[in-house]
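J.: File entry_24.cif below, mmCIF, C-alpha atoms:
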data_start
loop_
_atom_site.label_atom_id
_atom_site.label_comp_id
_atom_site.auth_asym_id
_atom_site.auth_seq_id
_atom_site.Cartn_x
_atom_site.Cartn_y
_atom_site.Cartn_z
CA MET A 1 65.54 128.05 61.64
CA LYS A 2 66.86 127.05 58.21
CA LYS A 3 68.03 123.51 57.55
CA ILE A 4 71.36 123.13 55.72
CA ILE A 5 72.21 119.69 54.37
CA PHE A 6 75.75 118.82 53.35
CA LEU A 7 75.54 115.96 50.85
CA ASN A 8 79.08 114.79 51.55
CA ARG A 9 81.24 115.03 54.60
CA TYR A 10 84.31 117.14 53.80
CA SER A 11 86.57 116.61 56.80
CA LEU A 12 88.39 119.93 56.43
CA TYR A 13 85.11 121.69 57.19
CA ASP A 14 84.41 119.73 60.38
CA SER A 15 85.22 122.80 62.49
CA LEU A 16 82.87 124.99 60.44
CA LEU A 17 79.75 122.85 60.83
CA PRO A 18 79.23 123.39 64.60
CA ALA A 19 79.64 127.14 64.04
CA LEU A 20 76.94 127.09 61.36
CA ALA A 21 74.76 125.05 63.73
CA LYS A 22 74.51 128.09 66.01
CA THR A 23 72.18 129.79 63.52
CA ALA A 24 70.81 126.88 61.47
CA GLU A 25 69.95 123.21 61.69
CA VAL A 26 72.90 121.43 60.11
CA VAL A 27 72.66 117.92 58.71
CA CYS A 28 75.55 116.00 57.18
CA LEU A 29 75.05 112.89 55.06
CA LEU A 30 77.69 110.36 56.03
CA HIS A 31 78.73 106.99 54.72
CA GLU A 32 76.94 104.32 56.76
CA SER A 33 80.27 102.75 57.76
CA ARG A 34 81.25 105.92 59.69
CA THR A 35 78.83 105.56 62.57
CA ASP A 36 81.69 106.41 64.96
CA LEU A 37 81.94 110.03 63.77
CA ASN A 38 80.17 112.76 65.72
CA ILE A 39 80.35 116.53 65.31
CA ASP A 40 78.88 118.78 68.01
CA CYS A 41 75.36 120.07 67.22
CA VAL A 42 75.41 118.43 63.77
CA ARG A 43 73.01 115.61 62.95
CA MET A 44 74.55 112.78 60.95
CA VAL A 45 72.38 110.81 58.53
CA PRO A 46 73.90 107.50 57.35
CA VAL A 47 73.65 106.94 53.60
CA ARG A 48 75.08 104.69 50.94
CA TYR A 49 77.32 106.16 48.25
CA ARG A 50 77.39 104.20 45.02
CA ALA A 51 79.52 104.31 41.86
CA PHE A 52 77.60 101.87 39.63
CA GLY A 53 79.91 99.04 40.69
CA ILE A 54 82.97 100.41 38.90
CA ALA A 55 84.70 101.46 42.13
CA HIS A 56 84.47 97.90 43.46
CA PHE A 57 85.75 96.50 40.17
CA PHE A 58 88.85 98.71 40.02
CA ASN A 59 89.66 99.22 43.70
CA LYS A 60 88.74 95.89 45.27
CA ILE A 61 89.80 93.58 42.47
CA PHE A 62 92.70 95.50 40.92
CA ARG A 63 93.52 97.57 44.05
CA LEU A 64 94.05 100.78 42.10
CA GLN A 65 92.44 103.10 44.68
CA VAL A 66 90.87 105.29 42.00
CA ILE A 67 88.27 107.90 43.00
CA PHE A 68 85.05 107.65 40.99
CA PRO A 69 82.01 109.96 40.86
CA VAL A 70 79.42 108.74 43.37
CA TYR A 71 75.69 109.03 43.78
CA ILE A 72 73.58 108.73 46.93
CA ALA A 73 71.24 105.76 47.18
CA ASN A 74 67.61 106.63 48.04
CA PHE A 75 68.39 110.33 47.60
CA GLU A 76 64.83 111.47 46.89
CA ARG A 77 63.44 109.57 49.86
CA ILE A 78 66.04 111.10 52.19
CA LEU A 79 65.30 114.66 51.07
CA ALA A 80 61.54 114.08 51.17
CA LYS A 81 62.00 113.29 54.85
CA GLU A 82 64.53 116.04 55.65
CA VAL A 83 63.01 118.91 53.57
CA PRO A 84 66.11 121.13 53.31
CA ASP A 85 66.30 124.89 52.82
CA VAL A 86 69.90 124.72 51.58
CA LEU A 87 71.76 121.91 49.83
CA VAL A 88 75.57 121.93 49.82
CA ALA A 89 77.24 119.62 47.30
CA ILE A 90 80.97 118.96 46.92
CA ASP A 91 82.22 119.33 43.33
CA PHE A 92 80.35 119.02 40.07
CA TYR A 93 82.01 115.80 38.87
CA HIS A 94 80.15 113.76 41.49
CA PHE A 95 76.76 112.37 40.54
CA SER A 96 75.51 113.48 43.96
CA PHE A 97 75.81 117.09 42.78
CA TRP A 98 73.59 116.32 39.79
CA GLN A 99 71.09 114.63 42.10
CA ALA A 100 71.04 117.86 44.12
CA LEU A 101 70.65 119.91 40.95
CA SER A 102 67.67 117.80 39.86
CA TYR A 103 66.08 118.32 43.28
CA LYS A 104 66.72 122.06 43.02
CA ILE A 105 65.03 122.26 39.62
CA GLN A 106 61.97 120.55 41.06
CA ASN A 107 62.11 122.68 44.24
CA PRO A 108 63.32 126.16 43.14
CA GLU A 109 62.81 127.62 46.61
CA VAL A 110 65.72 125.50 47.87
CA LYS A 111 69.17 127.08 47.65
CA LEU A 112 71.92 125.04 46.03
CA VAL A 113 75.56 125.68 46.91
CA LEU A 114 78.41 124.08 44.97
CA MET A 115 81.64 123.81 46.95
CA SER A 116 84.51 123.01 44.62
CA GLU A 117 88.10 121.97 45.19
CA THR A 118 88.71 122.07 41.43
CA LYS A 119 91.82 123.99 40.36
CA ALA A 120 92.52 122.74 36.85
CA PHE A 121 91.62 120.13 34.27
CA PRO A 122 92.83 116.65 35.28
CA ASN A 123 95.66 114.83 33.52
CA GLY A 124 94.93 111.89 31.24
CA TRP A 125 92.61 112.07 28.26
CA VAL A 126 89.91 109.82 29.76
CA ARG A 127 89.57 111.78 32.99
CA ARG A 128 89.91 115.07 31.13
CA THR A 129 87.17 114.11 28.66
CA ILE A 130 84.72 113.08 31.38
CA PHE A 131 85.56 116.17 33.42
CA SER A 132 85.03 118.43 30.38
CA LEU A 133 81.64 116.83 29.75
CA PHE A 134 80.53 117.55 33.31
CA LEU A 135 81.78 121.13 32.97
CA ARG A 136 79.90 121.73 29.70
CA ILE A 137 76.65 120.52 31.23
CA LEU A 138 77.30 122.69 34.27
CA GLN A 139 77.64 125.73 32.02
CA THR A 140 74.06 125.20 30.84
CA LYS A 141 72.64 124.87 34.37
CA LEU A 142 74.21 127.86 36.12
CA ASN A 143 70.88 129.60 36.62
CA HIS A 144 69.89 126.84 39.05
CA ILE A 145 72.99 127.24 41.24
CA ASP A 146 72.72 129.90 43.92
CA GLN A 147 76.37 130.03 44.93
CA ILE A 148 79.75 128.55 43.99
CA THR A 149 82.49 128.57 46.59
CA VAL A 150 86.15 127.67 46.03
CA TYR A 151 89.03 127.00 48.42
CA THR A 152 92.02 128.47 46.59
CA HIS A 153 93.15 131.26 44.28
CA GLN A 154 93.73 128.65 41.57
CA GLY A 155 90.13 127.50 41.94
CA GLU A 156 88.96 131.10 41.72
CA SER A 157 90.93 131.55 38.48
CA PHE A 158 89.61 128.26 37.05
CA PHE A 159 85.97 129.23 37.48
CA LYS A 160 86.56 132.80 36.33
CA LYS A 161 88.02 131.45 33.08
CA ASN A 162 85.56 128.61 32.47
CA LEU A 163 82.40 130.13 33.95
CA PRO A 164 82.97 133.85 33.29
CA ASP A 165 79.30 134.71 33.80
CA ARG A 166 79.21 133.35 37.34
CA HIS A 167 81.14 134.87 40.24
CA SER A 168 82.57 132.38 42.72
CA VAL A 169 83.21 133.14 46.38
CA LEU A 170 86.66 132.41 47.79
CA MET A 171 85.98 130.34 50.89
CA PRO A 172 89.22 128.87 52.32
CA VAL A 173 89.08 126.14 54.92
CA PRO A 174 88.90 127.67 58.43
CA ILE A 175 91.54 127.18 61.11
CA ASP A 176 90.68 126.55 64.75
CA VAL A 177 92.91 129.10 66.45
CA ASN A 178 91.92 127.71 69.84
CA VAL A 179 93.81 124.54 68.91
CA PHE A 180 96.64 125.85 66.73
CA THR A 181 98.34 128.47 68.87
CA PRO A 182 101.84 129.98 69.16
CA SER A 183 104.23 129.11 71.96
CA LYS A 184 104.60 131.85 74.56
CA GLU A 185 108.16 130.68 75.21
CA LYS A 186 109.31 130.29 71.62
CA VAL A 187 113.07 130.03 71.08
CA TRP A 188 114.33 130.49 67.52
CA LEU A 189 117.43 129.02 65.87
CA ILE A 190 118.45 126.87 68.81
CA GLU A 191 122.26 126.49 68.72
CA ASN A 192 122.23 128.48 65.45
CA THR A 193 120.43 125.58 63.78
CA LEU A 194 117.50 126.12 61.41
CA ASN A 195 114.87 123.55 62.38
CA ILE A 196 112.67 122.69 59.40
CA LEU A 197 109.41 120.75 59.52
CA MET A 198 107.87 118.95 56.52
CA ASN A 199 104.50 117.39 57.27
CA ALA A 200 103.47 115.47 54.15
CA ARG A 201 102.79 112.00 52.83
CA TYR A 202 105.71 110.27 51.15
CA ALA A 203 104.29 110.79 47.67
CA SER A 204 106.34 111.90 44.69
CA TYR A 205 104.33 115.06 44.06
CA LYS A 206 105.20 116.30 47.56
CA ARG A 207 108.77 116.71 46.23
CA HIS A 208 110.70 115.79 49.38
CA GLU A 209 113.87 115.60 47.29
CA ASP A 210 113.66 119.34 46.52
CA LEU A 211 113.93 120.04 50.23
CA PHE A 212 116.76 117.53 50.72
CA LEU A 213 118.75 119.00 47.82
CA ALA A 214 118.29 122.46 49.31
CA VAL A 215 119.36 121.24 52.76
CA LYS A 216 122.43 119.63 51.23
CA LYS A 217 123.43 122.97 49.72
CA ILE A 218 122.75 124.76 53.01
CA LYS A 219 124.97 122.22 54.78
CA GLN A 220 127.73 122.78 52.20
CA LEU A 221 127.60 126.49 53.08
CA GLY A 222 128.58 125.55 56.64
CA LYS A 223 125.18 126.27 58.19
CA ALA A 224 123.61 123.97 60.76
CA VAL A 225 120.23 122.56 59.73
CA LYS A 226 117.81 119.89 60.95
CA VAL A 227 114.73 118.50 59.19
CA THR A 228 111.80 116.64 60.73
CA CYS A 229 109.61 114.69 58.32
CA ILE A 230 106.16 113.53 59.42
CA GLY A 231 104.40 110.94 57.27
CA ARG A 232 100.78 109.79 57.49
CA SER A 233 101.79 106.24 56.58
CA ASN A 234 104.95 104.30 55.76
CA GLN A 235 104.01 103.90 52.10
CA SER A 236 107.00 104.99 49.95
CA LYS A 237 108.90 105.96 53.10
CA GLU A 238 111.81 103.66 52.19
CA HIS A 239 112.25 105.53 48.92
CA VAL A 240 112.41 108.88 50.72
CA GLU A 241 114.85 107.47 53.32
CA ARG A 242 117.04 106.21 50.49
CA ILE A 243 117.15 109.72 48.98
CA VAL A 244 118.24 111.10 52.35
CA SER A 245 121.02 108.51 52.58
CA GLU A 246 122.19 109.15 49.02
CA HIS A 247 122.57 112.85 49.77
CA GLY A 248 124.49 112.19 53.00
CA LEU A 249 121.82 113.75 55.21
CA SER A 250 121.09 110.91 57.64
CA GLN A 251 122.31 113.02 60.58
CA GLU A 252 120.24 116.02 59.53
CA VAL A 253 116.89 114.34 58.81
CA GLU A 254 114.59 112.69 61.33
CA PHE A 255 111.47 110.70 60.41
CA LEU A 256 108.39 110.59 62.62
CA ASN A 257 105.22 108.56 62.22
CA SER A 258 101.82 110.19 62.22
CA VAL A 259 101.29 112.09 65.48
CA SER A 260 98.30 113.25 67.51
CA GLN A 261 96.93 116.75 67.02
CA ALA A 262 98.35 117.90 70.36
CA GLU A 263 101.82 116.63 69.47
CA LEU A 264 101.53 118.17 66.01
CA VAL A 265 100.87 121.59 67.55
CA ASN A 266 103.91 121.07 69.77
CA LEU A 267 106.02 120.20 66.72
CA TYR A 268 104.92 123.31 64.86
CA GLN A 269 105.86 125.42 67.88
CA ARG A 270 109.29 123.78 68.23
CA HIS A 271 110.37 124.36 64.64
CA ASP A 272 111.53 127.52 62.88
CA VAL A 273 109.80 127.02 59.53
CA LEU A 274 107.44 124.68 57.71
CA VAL A 275 108.38 123.75 54.14
CA LEU A 276 105.94 122.35 51.56
CA PRO A 277 107.51 122.25 48.06
CA SER A 278 104.73 120.14 46.47
CA TYR A 279 103.72 120.13 42.84
CA ASN A 280 100.05 121.05 42.39
CA GLU A 281 99.06 120.46 46.03
CA ALA A 282 95.24 120.63 46.28
CA ILE A 283 95.36 122.70 49.48
CA GLY A 284 98.00 121.72 52.05
CA MET A 285 96.37 122.47 55.41
CA VAL A 286 99.69 122.07 57.22
CA VAL A 287 100.55 125.56 55.94
CA PRO A 288 97.82 127.56 57.74
CA GLU A 289 98.14 125.29 60.78
CA ALA A 290 101.83 126.16 61.07
CA MET A 291 101.07 129.84 60.46
CA ALA A 292 98.48 129.83 63.27
CA CYS A 293 101.19 128.35 65.52
CA GLY A 294 103.37 131.37 64.75
CA ILE A 295 106.02 130.04 62.38
CA PRO A 296 106.74 131.15 58.79
CA THR A 297 106.30 128.85 55.81
CA ILE A 298 108.10 128.18 52.54
CA THR A 299 105.89 126.83 49.76
CA SER A 300 106.03 126.20 46.04
CA ASP A 301 103.83 128.32 43.79
CA THR A 302 101.49 125.42 42.99
CA VAL A 303 100.43 124.84 46.60
CA GLY A 304 96.73 125.64 47.07
CA ALA A 305 97.34 126.83 50.63
CA ASN A 306 99.14 129.89 49.27
CA VAL A 307 95.72 131.51 49.64
CA TYR A 308 96.75 131.95 53.30
CA VAL A 309 100.32 133.09 52.56
CA LYS A 310 101.71 136.56 51.86
CA ASP A 311 105.00 136.11 50.05
CA GLY A 312 107.76 138.03 51.78
CA GLU A 313 105.59 138.79 54.84
CA THR A 314 104.42 135.48 56.35
CA GLY A 315 106.95 133.34 54.49
CA PHE A 316 108.31 132.72 51.02
CA VAL A 317 106.88 131.26 47.81
CA HIS A 318 109.22 129.83 45.17
CA PRO A 319 108.67 128.34 41.69
CA THR A 320 107.88 124.64 41.91
CA GLY A 321 111.02 122.55 41.45
CA ASN A 322 113.40 125.50 41.74
CA VAL A 323 115.81 124.22 44.37
CA ASP A 324 118.10 127.27 44.17
CA ALA A 325 115.16 129.55 44.99
CA LEU A 326 114.31 127.31 47.93
CA VAL A 327 117.93 127.56 49.12
CA GLN A 328 117.77 131.36 48.97
CA SER A 329 114.60 131.38 51.08
CA LEU A 330 116.16 129.09 53.68
CA LYS A 331 119.32 131.21 53.86
CA LYS A 332 117.26 134.31 54.68
CA LEU A 333 115.76 132.59 57.71
CA TYR A 334 119.08 132.36 59.56
CA ASP A 335 117.95 135.65 61.08
CA GLU A 336 116.14 135.50 64.41
CA GLU A 337 114.46 138.88 63.97
CA LEU A 338 113.11 137.94 60.54
CA LEU A 339 111.80 134.63 61.89
CA LYS A 340 110.03 136.45 64.72
CA LYS A 341 108.58 139.06 62.36
CA MET A 342 107.33 136.52 59.82
CA GLY A 343 106.03 134.13 62.49
CA SER A 344 104.05 136.93 64.12
CA ALA A 345 102.70 138.11 60.75
CA ALA A 346 101.65 134.55 59.90
CA HIS A 347 99.74 134.15 63.17
CA ILE A 348 98.04 137.54 62.80
CA ARG A 349 97.00 136.80 59.22
CA ILE A 350 95.28 133.57 60.23
CA THR A 351 93.53 135.08 63.25
CA ASN A 352 92.38 138.14 61.28
CA GLU A 353 91.09 136.38 58.17
CA PHE A 354 90.71 132.62 58.47
CA THR A 355 89.16 131.68 61.80
CA VAL A 356 86.06 129.51 62.07
CA GLU A 357 83.91 132.48 63.12
CA ILE A 358 85.07 134.71 60.25
CA LEU A 359 84.47 132.08 57.58
CA GLN A 360 81.18 131.01 59.13
CA ASN A 361 79.92 134.57 58.67
CA LYS A 362 81.30 134.66 55.12
CA PHE A 363 79.47 131.43 54.25
CA LEU A 364 76.17 132.68 55.69
CA LYS A 365 76.58 135.99 53.86
CA ALA A 366 77.19 134.13 50.61
CA LEU A 367 73.91 132.24 51.09
CA LYS A 368 72.01 135.53 51.24
CA THR A 369 73.42 136.93 47.98
#
Now that the file is in, can you turn its structure into structure tokens?
T.:
Amino acid sequence: MKKIIFLNRYSLYDSLLPALAKTAEVVCLLHESRTDLNIDCVRMVPVRYRAFGIAHFFNKIFRLQVIFPVYIANFERILAKEVPDVLVAIDFYHFSFWQALSYKIQNPEVKLVLMSETKAFPNGWVRRTIFSLFLRILQTKLNHIDQITVYTHQGESFFKKNLPDRHSVLMPVPIDVNVFTPSKEKVWLIENTLNILMNARYASYKRHEDLFLAVKKIKQLGKAVKVTCIGRSNQSKEHVERIVSEHGLSQEVEFLNSVSQAELVNLYQRHDVLVLPSYNEAIGMVVPEAMACGIPTITSDTVGANVYVKDGETGFVHPTGNVDALVQSLKKLYDEELLKKMGSAAHIRITNEFTVEILQNKFLKALKT
């Protein structure tokens, strides 16, 4: 049985690891502070991630919460003990990837997989310069990398443009369709009201105001509409509440705190549509979760989760920041038959292409190529 070691825990893949463990020994390196985390059939190895002290300097002293490239302390000793057949590293701008690459060069029989969330060059000349340096070095080491997997169409395009000689495998995050399921007693447009769900942190790039402006225009057209906003924390919530008040939507918008997974599924099932109008959203897992629960979605065209969406079939995609286009999409959904058709298509698309079992097989197939 092969041993696959994931050098970093990527929480969105937690459902995939037990599936892989059915055919391989799966080990996940995990920060030593997370001793409470367990994943079925996956062995956790506590490690220390380090960033040469700069993370402590910026985040603890100045409280900037900046993400820095990290390396794994005692990396060689850990791998000497574990003896992996496959190493899986998350993104090439972490020093841990370069540690894995060094190990691969010394042990060519080991397969090295690079999983990347990268979609574009970062903003800011410092970050962009460092990122570009990592990318240039990567271009010279491609012969040591057995497989590159990406999560989104944007990631696929990025690597095709910047690493044209190396094909990347599109490997979206899987959805547990045993958890996210449609309601058998779904009722659409209750009292002719379009019930909208937005499940997103109260951050500016999520563009809550785009949705509120669209809802205001829908209301002015004489249509009944309700919005439920779920936030993961109360940070910046007051700003979003103020926007709601300024647009006269206090009766139309309800705010909920973070909810349990079971309640989240129930919320998906109770709403008519999920809206995510974010600018440059890395993925946006709320989109496929809602689709699996049988409701259509409306997303901006810079949402990574559009890899799951079929525009016009499972929902609608509009240009980021185009409120009028968002309004037009919402207006179309005051049609029970269209909601049913799109909700059903969304559920079928997830169950046919993005389940844990399907993507487990795709990952294992990619390892063999």
J.: Kindly indicate which residue among A:Trp188, A:Tyr151, A:Phe159, A:Tyr205 lies nearest to Gln269 of chain A, using only C-alpha atoms for the distances.
T.: A:Trp188
J.: What gap, in Å, lies between atom CA of Arg201 of chain A and atom CA of Asp36 of chain A?
T.: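 Taking atom CA of Arg201 of chain A as the start and atom CA of Asp36 of chain A as the end point, the length is 25.0 Å.
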J.: Determine, for each residue of segment 184-230 of chain A having at least one atom at most 10 Å from an atom of segment 286-293 of chain A, the closest pair of atoms and their separation in Å to one decimal, counting only C-alpha atoms; order by chain and ascending number, as a tab-separated table.
T.:
residue	atom	partner	partner_atom	distance
A:Leu197	CA	A:Ala290	CA	9.4
A:Met198	CA	A:Val286	CA	8.8
A:Asn199	CA	A:Val286	CA	6.7
A:Ala200	CA	A:Val286	CA	8.2
J.: Neighbouring residues of Lys332 of chain A were defined as those with any atom within 12 Å, considering all atoms listed in the file; residues of the same chain fewer than 3 positions away were excluded. Please report them as a count of residues only.
T.: 20
J.: Taking the file as shown, find all residues satisfying the PyMOL selection byres ((chain A and resi 361-365) around 10) and write them as a VMD selection string.
T.: chain A and resid 16 19 to 20 23 to 24 147 149 169 to 171 356 to 360 366 to 369
J.: Work out how far atom CA of Lys161 of chain A is from atom CA of Lys206 of chain A, in Å to one decimal.
T.: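 Rounded to one decimal, the two atoms are 27.1 Å apart.
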